[in-house]
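Since the structure comes first, as structure tokens, the remarks are kept for the end.
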Number of protein chains: 4
Amino acid sequence: MSETFKAAFLEIANFILYSLNKLDLNSIGKFTDLLVSAYKEERAVLVVGMGRSGLVARGFAMRLRHLGIHSYVLGETITPPVDKDDIVVAISGSGTTQIVVAAAEAAKKMGAVVVAITTYPDSPLGKLADIVVFVPGRTKVAVMDDYFARQILGLHEPLSPLGTLFEDTAMVVLDAVVADLMRRLGKNEHDLAKRHANIEVP
Amino acid sequence: MSETFKAAFLEIANFILYSLNKLDLNSIGKFTDLLVSAYKEERAVLVVGMGRSGLVARGFAMRLRHLGIHSYVLGETITPPVDKDDIVVAISGSGTTQIVVAAAEAAKKMGAVVVAITTYPDSPLGKLADIVVFVPGRTKVAVMDDYFARQILGLHEPLSPLGTLFEDTAMVVLDAVVADLMRRLGKNEHDLAKRHANIEVP
Amino acid sequence: MSETFKAAFLEIANFILYSLNKLDLNSIGKFTDLLVSAYKEERAVLVVGMGRSGLVARGFAMRLRHLGIHSYVLGETITPPVDKDDIVVAISGSGTTQIVVAAAEAAKKMGAVVVAITTYPDSPLGKLADIVVFVPGRTKVAVMDDYFARQILGLHEPLSPLGTLFEDTAMVVLDAVVADLMRRLGKNEHDLAKRHANIEVP
Amino acid sequence: MSETFKAAFLEIANFILYSLNKLDLNSIGKFTDLLVSAYKEERAVLVVGMGRSGLVARGFAMRLRHLGIHSYVLGETITPPVDKDDIVVAISGSGTTQIVVAAAEAAKKMGAVVVAITTYPDSPLGKLADIVVFVPGRTKVAVMDDYFARQILGLHEPLSPLGTLFEDTAMVVLDAVVADLMRRLGKNEHDLAKRHANIEVP
């Protein structure tokens with residue numbers, strides 16, 4: 001019956017698992033170092049992302065707060081101005097999302113350090129970033145021509161639409177960064193729970 | 001160097017992959033049927049969740065919109081009142097999150113169909129739901145006693161803190177449901193892209 | 001004791017009250033006509049605004065929903081793509097807020113009708129709008145030169161900072177538009193309450 | 001033509017203006033003192049509100065941030081846990097909004113100071129608050145019986161529906177509190193502008 005469900009689940013889960021071999025652990029290490037310095041030197045970390053990438057960004061910002069880092073989300077009520085030496089984490093699979101690129105450019109002008117989480121290091125976002133964390137994925141939609149070409153050729157249409165593979169993989173990458181930060185900052189799960197909101201609303 | 005990163009990445013990615021065998025495909029099938037009827041009969045779908053589960057809920061609501069389903073997010077500006085035969089998708093790993101349980105109870109009184117996405121079918125949320133979609137995970141924090149007991153016993157402390165395993169697995173489960181919905185509603189990636197916001201902001 | 005509180009309260013309240021004489025009731029009438037057609041022809045209304053103007057936009061979008069109009073908020077989870085004949089209500093006191101102007105430009109390209117709520121009809125936003133609803137206010141901050149010039153000249157520094165006068169007046173203008181819409185659509189307070197969210201969260 | 005617009009505008013603007021005489025300047029003074037101590041002692045201020053009252057709360061939280069106060073909004077990504085001596089500002093016209101009352105109760109248990117902004121000092125919210133800032137308004141909807149009774153009696157149906165008068169008046173009250181805070185903290189408009197987000201999104 002729901003063979004499609006199973007096939008799609010396996011497509012995504014295997015994509016995530018095999019991404020590990022494609023990651024650049026060196027740049028992830030630099031990103032983690034930067035977040036350790038954000039903790040120790042109380043540097044603000046502003047996360048930026050749109051659509052579902054914006055949700056991944058928010059989930060990461062929550063964990064940074066649980067760790068005691070001053071994280072903020074672009075577009076929420078209390079976002080502060082970006083200042084020199086602040087850290088901006090910009091998430092965009094394609095690396096071309098206009099508002100994310102514009103925010104990263106503005107942040108560079110303020111003297112902030114920009115980290116790009118993207119599938120395309122050569123994209124506008126990747127090119128202007130100080131650190132690029134490569135995360136495997138696809139561009140949002142294959143261009144129309146490619147699409148019909150692929151259909152004519154009977155090529156496999158992916159089951160997970162648009163940015164799904166990038167978004168799901170980015171979430172796991174960032175959650176593994178959080179685990180590494182816990183170790184480096186000497187924190188356990190109970191330290192995080194103490195900073196978890198105690199009056200919760202959706 | 002970043003052995004913890006790798007170990008945590010593998011812990012999460014393997015947890016997701018092996019979750020497939022533990023899922024109840026029958027209840028996922030019923031959930032998918034319900035969403036197909038939401039599409040055909042224009043029933044509203046309201047997603048509810050808190051903290052990082054709320055972000056997973058939002059990501060799912062976006063894809064439902066891309067598919068042409070009238071989804072809403074509890075707590076955003078334009079959320080409508082819940083009505084008879086509406087569908088409420090409530091996400092809570094522990095199944096005890098007070099506001100989610102309260103929202104689900106209120107929805108039941110209005111005559112809505114409640115779907116629980118949870119690790120605990122016997123939780124307050126699981127018990128009142130019409131359909132329970134079981135998603136493997138852990139409770140948010142092991143109780144303090146257990147924690148010290150485990151430490152004394154030298155038991156493995158998980159690398160992925162709090163609800164991480166539940167949240168990441170729930171995202172993949174719901175993305176696979178989206179893939180199945182695409183097939184059943186006869187939609188491809190380009191149909192989804194047409195309903196994707198064209199003026200994007202974080 | 002709190003003479004400043006009283007003086008500031010009077011400054012804002014009187015500013016709002018005397019704004020009535022400066023409003024262009026003709027353009028407000030056209031805006032209201034457009035919203036009546038949105039109701040009757042089920043045209044989507046997308047509100048756009050940043051910072052505190054964005055909050056005024058959200059408050060208006062809520063009331064449009066209560067009236068039965070398909071309103072959306074740029075930047076929330078379920079915002080649909082903008083289409084031909086949709087209505088975009090863009091709020092910016094200065095009329096220069098980059099993202100609002102960019103969103104309005106994009107909307108024009110899609111064939112949407114753009115309404116600008118602004119203090120400056122000759123601003124970039126005002127110039128590209130199909131209907132300009134003038135709302136008295138000040139620009140966000142007097143330019144530095146002006147500021148020191150005024151200080152040197154001993155000129156009165158306003159008690160209500162930045163966009164306050166614009167934002168508070170815009171809220172009242174839009175609430176009065178809602179009252180007029182109620183009359184024209186034959187709705188009373190109880191009709192609105194029926195569409196009020198019944199499971200409320202912040 | 002748009003006589004209703006004018007009548008509603010005057011109803012709201014006059015309601016705000018004449019509210020000044022009904023305010024309790026003593027309790028507003030205590031509230032302002034508390035916010036001055038929040039600034040000086042770096043105490044966190046958490047604002048809480050639902051629907052349009054929640055938007056008024058957010059607008060106030062933005063200005064507190066511009067003043068250099070550590071404000072947060074219940075329900076946003078980075079909301080911290082509430083701690084002893086934190087300040088919780090809960091806004092509810094009726095003083096009965098369930099989630100707001102529940103949040104205020106939880107905050108009291110944590111040892112926080114609760115300020116209620118409400119029309120009803122004897123409401124559940126008013127009764128549990130440490131400071132009550134009375135703001136004139138109406139309850140959300142006249143009860144059905146009253147409504148039909150009033151209709152039969154030909155009594156005036158208010159032009160501004162539901163919580164409008166409370167919400168608009170609360171915004172002006174809080175903006176006047178901000179003006180008083182500026183004076184007491186020795187800040188001018190340019191100090192606020194420095195803390196204004198410089199990478200803005202809706």
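Identifiers for the structure tokens are assigned positionally: chains receive A, B, ... in sequence, residues are indexed from 1 per chain, and ligands are indexed from 1 in the order shown.
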- Within 6 Å of chain B, which residues of chain A show up when using only C-alpha atoms, listed as a PyMOL selection string? chain A and resi 4-5+8-9+13+17+49-50+52+54-55+59+159-161+176-177+179-180+189+201-202
Nearby residues (only C-alpha atoms) at most 6 Å from C:Lys84, same-chain spacing under 3 positions excluded, as an mmCIF file with all heavy atoms, in the first residue's frame:
data_model
loop_
_atom_site.group_PDB
_atom_site.id
_atom_site.type_symbol
_atom_site.label_atom_id
_atom_site.label_comp_id
_atom_site.auth_asym_id
_atom_site.auth_seq_id
_atom_site.Cartn_x
_atom_site.Cartn_y
_atom_site.Cartn_z
ATOM 1 N N MET C 110 3.674 40.744 -10.498
ATOM 2 C CA MET C 110 2.741 39.617 -10.554
ATOM 3 C C MET C 110 1.331 40.080 -10.962
ATOM 4 O O MET C 110 0.424 39.269 -11.073
ATOM 5 C CB MET C 110 2.625 38.945 -9.179
ATOM 6 C CG MET C 110 3.926 38.598 -8.498
ATOM 7 S SD MET C 110 4.796 37.273 -9.358
ATOM 8 C CE MET C 110 6.404 37.366 -8.537
ATOM 9 N N GLY C 111 1.141 41.390 -11.075
ATOM 10 C CA GLY C 111 -0.180 41.886 -11.451
ATOM 11 C C GLY C 111 -1.084 42.181 -10.270
ATOM 12 O O GLY C 111 -2.293 42.348 -10.424
ATOM 13 N N ALA C 112 -0.498 42.241 -9.073
ATOM 14 C CA ALA C 112 -1.301 42.553 -7.886
ATOM 15 C C ALA C 112 -1.557 44.051 -7.788
ATOM 16 O O ALA C 112 -0.857 44.860 -8.392
ATOM 17 C CB ALA C 112 -0.567 42.074 -6.635
#
- Identify which of the residues A:Gly186, A:Tyr39, A:Glu105, A:Ile91 lies closest to A:Ile69, counting only C-alpha atoms when measuring atom-to-atom distances.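 Ranking A:Gly186, A:Tyr39, A:Glu105, A:Ile91 by distance to A:Ile69, first place goes to A:Tyr39.
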Worksheet entry | Expected answer as a list in words: strand (DSSP E) residues in stretch 54-196 of chain D |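 So the strand (DSSP E) residues in stretch 54-196 of chain D would be Ser71, Tyr72, Val73, Ile87, Val88, Val89, Ala90, Ile91, Val113, Val114, Val115, Ala116, Ile117, Thr118, Ile131, Val132, Val133 and Phe134 of chain D.
Take atom CA of C:Leu35 and atom CA of C:Pro80: the distance between them is 18.2 Å.
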| task | Report as a ChimeraX atom specification: the residues of stretch 32-152 of chain D with a DSSP assignment of alpha helix (DSSP H), based on the backbone of this structure. | result | /D:32-40,51-67,98-109,124-128,144-152
Could you pull the residues within 12 Å of C:Gly95, counting only C-alpha atoms, minus those fewer than 3 positions along the same chain, as a compact mmCIF listing (two decimals) with N, CA, C and O atoms, in the first residue's frame?
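Result file follows (result20.txt):
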# COMPACT_ATOMS: atom_id res chain seq x y z
N GLY C 49 4.83 44.57 6.25
CA GLY C 49 5.36 45.66 7.07
C GLY C 49 6.51 45.15 7.91
O GLY C 49 6.63 43.95 8.13
N MET C 50 7.37 46.03 8.35
CA MET C 50 8.51 45.64 9.15
C MET C 50 8.46 46.26 10.54
O MET C 50 7.89 47.32 10.72
N SER C 53 5.60 48.62 12.34
CA SER C 53 4.61 48.71 11.26
C SER C 53 4.11 47.32 10.88
O SER C 53 2.96 47.16 10.47
N ALA C 90 0.92 47.49 1.85
CA ALA C 90 2.30 47.68 2.31
C ALA C 90 2.36 48.88 3.24
O ALA C 90 1.95 49.98 2.86
N ILE C 91 2.86 48.66 4.47
CA ILE C 91 2.87 49.72 5.48
C ILE C 91 4.31 50.15 5.77
O ILE C 91 5.13 49.34 6.18
N SER C 92 4.60 51.41 5.53
CA SER C 92 5.92 51.97 5.84
C SER C 92 5.79 53.47 5.99
O SER C 92 5.46 54.16 5.02
N GLN C 98 13.41 49.13 2.71
CA GLN C 98 13.84 48.37 1.54
C GLN C 98 13.01 47.13 1.23
O GLN C 98 12.56 46.93 0.11
N ILE C 99 12.82 46.30 2.24
CA ILE C 99 12.13 45.04 1.98
C ILE C 99 10.68 45.26 1.59
O ILE C 99 10.12 44.54 0.76
N VAL C 100 10.06 46.27 2.18
CA VAL C 100 8.66 46.55 1.85
C VAL C 100 8.56 47.04 0.41
O VAL C 100 7.67 46.62 -0.35
N VAL C 101 9.49 47.92 0.02
CA VAL C 101 9.49 48.42 -1.36
C VAL C 101 9.75 47.26 -2.33
O VAL C 101 9.06 47.11 -3.35
N ALA C 102 10.72 46.38 -1.98
CA ALA C 102 11.03 45.24 -2.85
C ALA C 102 9.82 44.31 -2.98
O ALA C 102 9.51 43.83 -4.08
N ALA C 104 6.68 45.16 -2.63
CA ALA C 104 5.64 45.85 -3.42
C ALA C 104 5.98 45.81 -4.91
O ALA C 104 5.10 45.60 -5.75
N VAL C 115 -1.46 48.75 -2.31
CA VAL C 115 -1.92 49.88 -1.52
C VAL C 115 -0.78 50.26 -0.56
O VAL C 115 -0.28 49.40 0.17
N ALA C 116 -0.37 51.52 -0.58
CA ALA C 116 0.69 51.99 0.33
C ALA C 116 0.05 52.74 1.49
O ALA C 116 -0.75 53.64 1.27
N ILE C 117 0.41 52.36 2.73
CA ILE C 117 0.02 53.13 3.90
C ILE C 117 1.30 53.85 4.33
O ILE C 117 2.23 53.21 4.84
N THR C 118 1.38 55.16 4.13
CA THR C 118 2.65 55.86 4.32
C THR C 118 2.44 57.35 4.61
O THR C 118 1.39 57.90 4.27
N THR C 119 3.45 57.95 5.20
CA THR C 119 3.42 59.40 5.42
C THR C 119 3.91 60.14 4.18
O THR C 119 3.65 61.33 4.01
N TYR C 120 4.62 59.43 3.28
CA TYR C 120 5.27 60.08 2.15
C TYR C 120 4.79 59.54 0.80
O TYR C 120 5.37 58.60 0.26
N PRO C 121 3.76 60.18 0.23
CA PRO C 121 3.25 59.74 -1.08
C PRO C 121 4.30 59.79 -2.18
O PRO C 121 4.19 59.06 -3.16
N ASP C 122 5.34 60.63 -2.01
CA ASP C 122 6.37 60.74 -3.05
C ASP C 122 7.54 59.80 -2.82
O ASP C 122 8.55 59.85 -3.53
N SER C 123 7.43 58.95 -1.82
CA SER C 123 8.50 57.98 -1.53
C SER C 123 8.49 56.87 -2.57
O SER C 123 7.54 56.74 -3.35
N PRO C 124 9.56 56.05 -2.61
CA PRO C 124 9.58 54.91 -3.55
C PRO C 124 8.32 54.04 -3.42
O PRO C 124 7.73 53.64 -4.41
N LEU C 125 7.89 53.75 -2.19
CA LEU C 125 6.69 52.94 -2.01
C LEU C 125 5.46 53.67 -2.53
O LEU C 125 4.64 53.10 -3.26
N GLY C 126 5.33 54.94 -2.17
CA GLY C 126 4.17 55.73 -2.60
C GLY C 126 4.06 55.80 -4.11
O GLY C 126 2.98 55.68 -4.69
N LYS C 127 5.21 55.98 -4.76
CA LYS C 127 5.21 56.16 -6.21
C LYS C 127 4.76 54.92 -6.97
O LYS C 127 4.17 55.02 -8.04
N LEU C 128 5.08 53.76 -6.45
CA LEU C 128 4.73 52.55 -7.21
C LEU C 128 3.35 52.00 -6.84
O LEU C 128 2.85 51.08 -7.50
N ALA C 129 2.72 52.58 -5.81
CA ALA C 129 1.43 52.04 -5.35
C ALA C 129 0.28 52.48 -6.25
O ALA C 129 0.33 53.53 -6.87
N VAL C 132 -2.59 55.26 -2.60
CA VAL C 132 -1.79 55.71 -1.46
C VAL C 132 -2.73 56.19 -0.36
O VAL C 132 -3.53 57.10 -0.58
N VAL C 133 -2.65 55.56 0.81
CA VAL C 133 -3.40 56.03 1.97
C VAL C 133 -2.41 56.81 2.83
O VAL C 133 -1.55 56.22 3.49
N PHE C 134 -2.54 58.12 2.80
CA PHE C 134 -1.63 58.99 3.57
C PHE C 134 -1.99 58.91 5.06
O PHE C 134 -3.14 59.07 5.44
N VAL C 135 -0.99 58.65 5.89
CA VAL C 135 -1.17 58.65 7.35
C VAL C 135 -0.09 59.56 7.94
O VAL C 135 1.09 59.31 7.75
N GLY C 137 2.67 61.34 10.26
CA GLY C 137 3.70 60.76 11.13
C GLY C 137 4.99 61.50 10.94
O GLY C 137 5.01 62.59 10.39
N ARG C 138 6.07 60.90 11.41
CA ARG C 138 7.38 61.48 11.17
C ARG C 138 8.24 60.40 10.52
O ARG C 138 7.90 59.23 10.57
N THR C 139 9.35 60.82 9.92
CA THR C 139 10.27 59.79 9.50
C THR C 139 10.86 59.19 10.76
O THR C 139 10.73 59.75 11.84
N LYS C 140 11.52 58.06 10.63
CA LYS C 140 11.97 57.33 11.81
C LYS C 140 12.85 58.18 12.72
O LYS C 140 12.61 58.28 13.90
N GLY C 163 9.10 55.86 14.86
CA GLY C 163 7.86 55.80 14.11
C GLY C 163 6.59 55.82 14.94
O GLY C 163 5.50 55.61 14.40
N PHE C 166 3.34 57.63 13.64
CA PHE C 166 2.82 56.96 12.44
C PHE C 166 2.15 55.64 12.79
O PHE C 166 1.02 55.36 12.35
Can you measure atom CA of C:Ala107 to atom CA of A:Ala106 for me? One decimal in Å is fine.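 We find that atom CA of C:Ala107 and atom CA of A:Ala106 lie 23.9 Å from each other.
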